[in-house]
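Structure file model_22.cif with mmCIF, C-alpha atoms:
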```
data_run
loop_
_atom_site.label_atom_id
_atom_site.label_comp_id
_atom_site.auth_asym_id
_atom_site.auth_seq_id
_atom_site.Cartn_x
_atom_site.Cartn_y
_atom_site.Cartn_z
CA MET A 488 -132.87 111.40 -9.00
CA THR A 489 -129.09 111.29 -8.68
CA ILE A 490 -126.83 108.86 -10.55
CA TRP A 491 -125.91 107.25 -7.22
CA ALA A 492 -129.59 106.60 -6.43
CA MET A 493 -130.19 105.09 -9.88
CA GLU A 494 -127.15 102.80 -9.55
CA ASN A 495 -128.18 101.65 -6.09
CA MET A 496 -131.76 101.10 -7.22
CA GLY A 497 -130.45 98.65 -9.84
CA ALA A 498 -128.31 96.92 -7.21
CA ASN A 499 -131.28 96.59 -4.86
CA ASP A 500 -133.39 95.16 -7.69
CA ASP A 501 -130.66 92.60 -8.42
CA GLN A 502 -130.46 91.73 -4.73
CA ASP A 503 -134.23 91.32 -4.50
CA GLN A 504 -134.26 89.16 -7.63
CA PHE A 505 -131.36 87.05 -6.28
CA ASN A 506 -133.17 86.58 -2.98
CA ALA A 507 -136.42 85.61 -4.69
CA LEU A 508 -134.79 83.16 -7.09
CA MET A 509 -131.94 81.60 -5.12
CA LEU A 510 -132.78 81.65 -1.42
CA PRO A 511 -135.65 79.14 -1.74
CA HIS A 512 -133.07 76.54 -2.81
CA MET A 513 -130.86 76.85 0.26
CA ALA A 514 -132.10 73.60 1.83
CA ALA A 515 -131.38 71.68 -1.38
CA ALA A 516 -127.96 73.36 -1.59
CA TYR A 517 -127.14 72.37 1.98
CA ASN A 518 -128.38 68.82 1.42
CA LEU A 519 -126.20 68.35 -1.66
CA ALA A 520 -123.18 69.91 0.05
CA GLN A 521 -123.61 67.69 3.10
CA TRP A 522 -123.78 64.54 0.99
CA LEU A 523 -120.76 65.56 -1.05
CA THR A 524 -118.57 66.73 1.84
CA GLY A 525 -119.82 64.22 4.39
CA ASN A 526 -119.89 66.76 7.19
CA ARG A 527 -122.46 69.30 8.43
CA ASP A 528 -119.97 72.02 9.30
CA ASP A 529 -118.16 71.69 6.00
CA ALA A 530 -121.49 71.69 4.17
CA SER A 531 -122.41 74.96 5.87
CA ASP A 532 -119.10 76.47 4.78
CA VAL A 533 -119.59 75.21 1.21
CA VAL A 534 -123.13 76.60 1.03
CA GLN A 535 -122.01 79.96 2.37
CA GLU A 536 -119.19 80.11 -0.17
CA SER A 537 -121.57 78.97 -2.93
CA TYR A 538 -124.10 81.69 -2.17
CA LEU A 539 -121.37 84.30 -2.07
CA ARG A 540 -120.18 83.14 -5.50
CA ALA A 541 -123.73 83.02 -6.82
CA MET A 542 -124.35 86.56 -5.61
CA ARG A 543 -121.07 87.75 -7.12
CA PHE A 544 -121.86 86.21 -10.53
CA PHE A 545 -125.63 86.70 -10.52
CA SER A 546 -125.37 89.18 -13.36
CA GLY A 547 -124.29 86.22 -15.52
CA TYR A 548 -127.45 84.26 -14.72
CA ARG A 549 -129.53 84.16 -17.90
CA GLY A 550 -132.74 82.71 -16.55
CA GLY A 551 -133.83 79.12 -16.70
CA ALA A 552 -133.89 76.69 -13.81
CA ALA A 553 -132.67 78.69 -10.82
CA ARG A 554 -132.40 75.56 -8.68
CA ALA A 555 -130.17 73.83 -11.25
CA TRP A 556 -128.00 76.95 -11.57
CA MET A 557 -127.57 77.20 -7.79
CA LEU A 558 -126.89 73.48 -7.36
CA THR A 559 -124.27 73.65 -10.10
CA ILE A 560 -122.42 76.27 -8.08
CA VAL A 561 -122.79 74.18 -4.90
CA ARG A 562 -121.51 71.08 -6.71
CA ASN A 563 -118.49 72.88 -8.13
CA THR A 564 -117.70 74.51 -4.78
CA SER A 565 -118.01 71.13 -3.03
CA LEU A 566 -115.73 69.42 -5.52
CA ASN A 567 -113.16 72.21 -5.19
CA TRP A 568 -113.39 71.93 -1.41
CA LEU A 569 -112.91 68.15 -1.56
CA ALA A 570 -109.86 68.54 -3.81
CA GLN A 571 -108.31 71.01 -1.34
CA LYS A 572 -109.05 68.78 1.66
CA ARG A 573 -107.79 65.54 0.09
CA GLY A 574 -104.25 66.05 1.31
CA GLN A 575 -105.20 67.10 4.82
CA LYS A 576 -105.78 64.66 7.67
CA THR A 577 -108.37 65.53 10.26
CA VAL A 578 -109.50 63.91 13.46
CA PRO A 579 -113.21 64.32 14.23
CA LEU A 580 -114.05 65.67 17.65
CA PRO A 581 -116.81 64.02 19.69
CA GLU A 582 -120.19 65.72 19.46
CA PRO A 583 -121.41 67.59 22.54
CA GLY A 584 -123.48 65.31 24.71
CA ASN A 585 -121.81 62.21 23.25
CA GLU A 586 -121.53 59.23 25.59
CA GLU A 587 -117.73 59.25 25.17
CA ASP A 588 -117.35 62.67 26.79
CA GLY A 589 -119.64 61.89 29.71
CA GLY A 590 -122.54 64.05 28.53
CA GLY A 591 -125.86 62.41 27.99
CA VAL A 592 -128.92 63.11 25.96
CA VAL A 593 -132.24 62.51 27.60
CA GLU A 594 -134.73 61.05 25.19
CA ILE A 595 -138.45 61.14 25.83
CA VAL A 596 -140.16 58.12 24.32
CA ASP A 597 -143.85 57.87 23.58
CA ASP A 598 -145.10 54.50 24.87
CA LYS A 599 -147.51 54.23 21.94
CA VAL A 600 -144.72 54.09 19.36
CA ASP A 601 -143.70 50.67 18.12
CA LEU A 602 -140.08 50.84 19.22
CA GLU A 603 -139.01 47.73 17.32
CA PHE A 604 -140.39 49.07 14.03
CA ASP A 605 -138.80 52.44 14.73
CA LEU A 606 -135.44 50.79 15.41
CA ILE A 607 -135.65 48.77 12.18
CA GLN A 608 -136.50 51.92 10.20
CA LYS A 609 -133.62 53.86 11.74
CA GLU A 610 -131.22 50.99 11.08
CA ALA A 611 -132.37 50.71 7.45
CA ALA A 612 -132.02 54.47 6.94
CA ALA A 613 -128.54 54.45 8.49
CA THR A 614 -127.54 51.54 6.25
CA MET A 615 -128.84 53.33 3.17
CA ASP A 616 -126.97 56.49 4.16
CA GLN A 617 -123.77 54.46 4.54
CA LEU A 618 -124.29 52.83 1.14
CA ILE A 619 -124.80 56.21 -0.53
CA GLU A 620 -121.78 57.68 1.28
CA ALA A 621 -119.65 54.74 0.07
CA LEU A 622 -120.37 55.57 -3.57
CA PRO A 623 -117.77 57.51 -5.55
CA VAL A 624 -118.65 61.22 -5.71
CA GLN A 625 -119.76 61.13 -9.38
CA TYR A 626 -122.34 58.44 -8.56
CA ARG A 627 -123.32 59.86 -5.17
CA GLU A 628 -124.15 63.27 -6.61
CA VAL A 629 -126.56 61.89 -9.24
CA VAL A 630 -128.31 59.73 -6.63
CA ILE A 631 -128.75 62.72 -4.31
CA LEU A 632 -129.91 65.04 -7.09
CA ARG A 633 -132.40 62.50 -8.48
CA GLU A 634 -133.69 60.56 -5.47
CA ILE A 635 -133.49 63.14 -2.71
CA GLU A 636 -133.66 66.50 -4.50
CA GLU A 637 -135.97 65.06 -7.21
CA LEU A 638 -134.33 66.89 -10.11
CA SER A 639 -135.14 65.75 -13.63
CA TYR A 640 -132.48 64.05 -15.74
CA LYS A 641 -132.21 67.24 -17.78
CA GLU A 642 -131.67 69.37 -14.66
CA ILE A 643 -129.07 66.92 -13.34
CA ALA A 644 -127.28 67.05 -16.69
CA GLU A 645 -127.17 70.85 -16.37
CA VAL A 646 -125.87 70.69 -12.80
CA ILE A 647 -123.04 68.23 -13.48
CA GLY A 648 -122.32 69.44 -17.00
CA MET A 649 -122.74 66.04 -18.64
CA PRO A 650 -125.11 64.62 -21.29
CA ILE A 651 -128.39 63.08 -20.12
CA GLY A 652 -127.13 59.66 -21.22
CA THR A 653 -124.22 59.95 -18.81
CA VAL A 654 -126.60 60.94 -16.01
CA MET A 655 -128.78 57.92 -16.71
CA SER A 656 -125.76 55.61 -16.91
CA ARG A 657 -124.28 56.89 -13.64
CA LEU A 658 -127.63 56.65 -11.91
CA ALA A 659 -128.14 53.07 -13.11
CA ARG A 660 -124.66 52.07 -11.93
CA ALA A 661 -125.17 53.77 -8.58
CA ARG A 662 -128.53 52.08 -8.03
CA LYS A 663 -127.05 48.71 -8.97
CA ALA A 664 -124.13 49.16 -6.56
CA ILE A 665 -126.49 50.22 -3.77
CA GLN A 666 -128.77 47.23 -4.45
CA GLU A 667 -125.87 44.76 -4.45
CA HIS A 668 -124.43 46.13 -1.22
CA TRP A 669 -127.89 46.30 0.35
CA ASN A 670 -128.45 42.62 -0.47
CA LYS A 671 -125.08 41.69 1.08
CA THR A 672 -125.85 43.76 4.16
CA THR A 673 -129.29 42.26 4.71
CA GLU A 674 -128.00 38.71 4.04
CA GLY A 675 -125.32 39.27 6.68
CA ARG A 676 -127.95 40.35 9.20
CA ALA A 677 -130.14 37.36 8.42
CA LEU A 678 -127.27 35.00 9.16
CA LYS A 679 -126.70 36.47 12.64
#
```
Spell out the structure here as structure tokens.
Amino acid sequence: MTIWAMENMGANDDQDQFNALMLPHMAAAYNLAQWLTGNRDDASDVVQESYLRAMRFFSGYRGGAARAWMLTIVRNTSLNWLAQKRGQKTVPLPEPGNEEDGGGVVEIVDDKVDLEFDLIQKEAAATMDQLIEALPVQYREVVILREIEELSYKEIAEVIGMPIGTVMSRLARARKAIQEHWNKTTEGRALK
């Protein structure tokens, strides 16, 4: 076997190991990036950049929670991206098929579905999404990692690089803020 073949065999093994350990966490990576950036396209860019960085520095991975390691990279890439974008102003373009641009989306509705209940659920989910989006990034990220990605406090501490006590404190403050705003929102609806 030549030296070239032995070197490439090691590279292929690393690539296979990277794929086996990191690719299963791509949905979680995208989810976190989308919540942090607030935009699907930007989240895709952040995830792509994160996976490129992870692949580049995979030799430094020392085992442990692969998901936490990957989400740490996604978090750092997202925060760097947000810092770069802070000074730039952007104007969102209408989505294809949006009512504003004359396109329409045909929706097929099953008559058996309770439309009122479905509408209430969608409205509640949209309100909750808005409340989470309104949180400062340091609170939003712990809510997403705990409540949506279901990471343990220890894993969250690893991802954000803070002590578990800080994670618990931020999560408590975020939940309190969400609850207070939720109560105000639902009281406002009840008065209408």
Could you write out as a compact mmCIF listing (two decimals) with C-alpha atoms, in the frame of the given file the residues that the PyMOL selection byres ((chain A and resi 539) around 12) matches in the shown file?
```
# COMPACT_ATOMS: atom_id res chain seq x y z
CA PHE A 505 -131.36 87.05 -6.28
CA MET A 509 -131.94 81.60 -5.12
CA LEU A 510 -132.78 81.65 -1.42
CA ASP A 532 -119.10 76.47 4.78
CA VAL A 533 -119.59 75.21 1.21
CA VAL A 534 -123.13 76.60 1.03
CA GLN A 535 -122.01 79.96 2.37
CA GLU A 536 -119.19 80.11 -0.17
CA SER A 537 -121.57 78.97 -2.93
CA TYR A 538 -124.10 81.69 -2.17
CA ARG A 540 -120.18 83.14 -5.50
CA ALA A 541 -123.73 83.02 -6.82
CA MET A 542 -124.35 86.56 -5.61
CA ARG A 543 -121.07 87.75 -7.12
CA PHE A 544 -121.86 86.21 -10.53
CA PHE A 545 -125.63 86.70 -10.52
CA MET A 557 -127.57 77.20 -7.79
CA ILE A 560 -122.42 76.27 -8.08
CA VAL A 561 -122.79 74.18 -4.90
CA THR A 564 -117.70 74.51 -4.78
```
Practice task
Quick one: everything within 12 Å of Ala552 of chain A, counting only C-alpha atoms, minus sequence neighbours fewer than 2 positions away in the same chain. Send it as a count of residues only.
Solution key: 19
Fill in the blank from the handout: A straight line from atom CA of Ala659 of chain A to atom CA of Ala611 of chain A spans 21.1 Å
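Between atom CA of Asn563 of chain A and atom CA of Gly648 of chain A there is a distance of 10.3 Å.
Taking atom CA of Asn518 of chain A and atom CA of Asp500 of chain A as the two end points, the separation is 28.3 Å.
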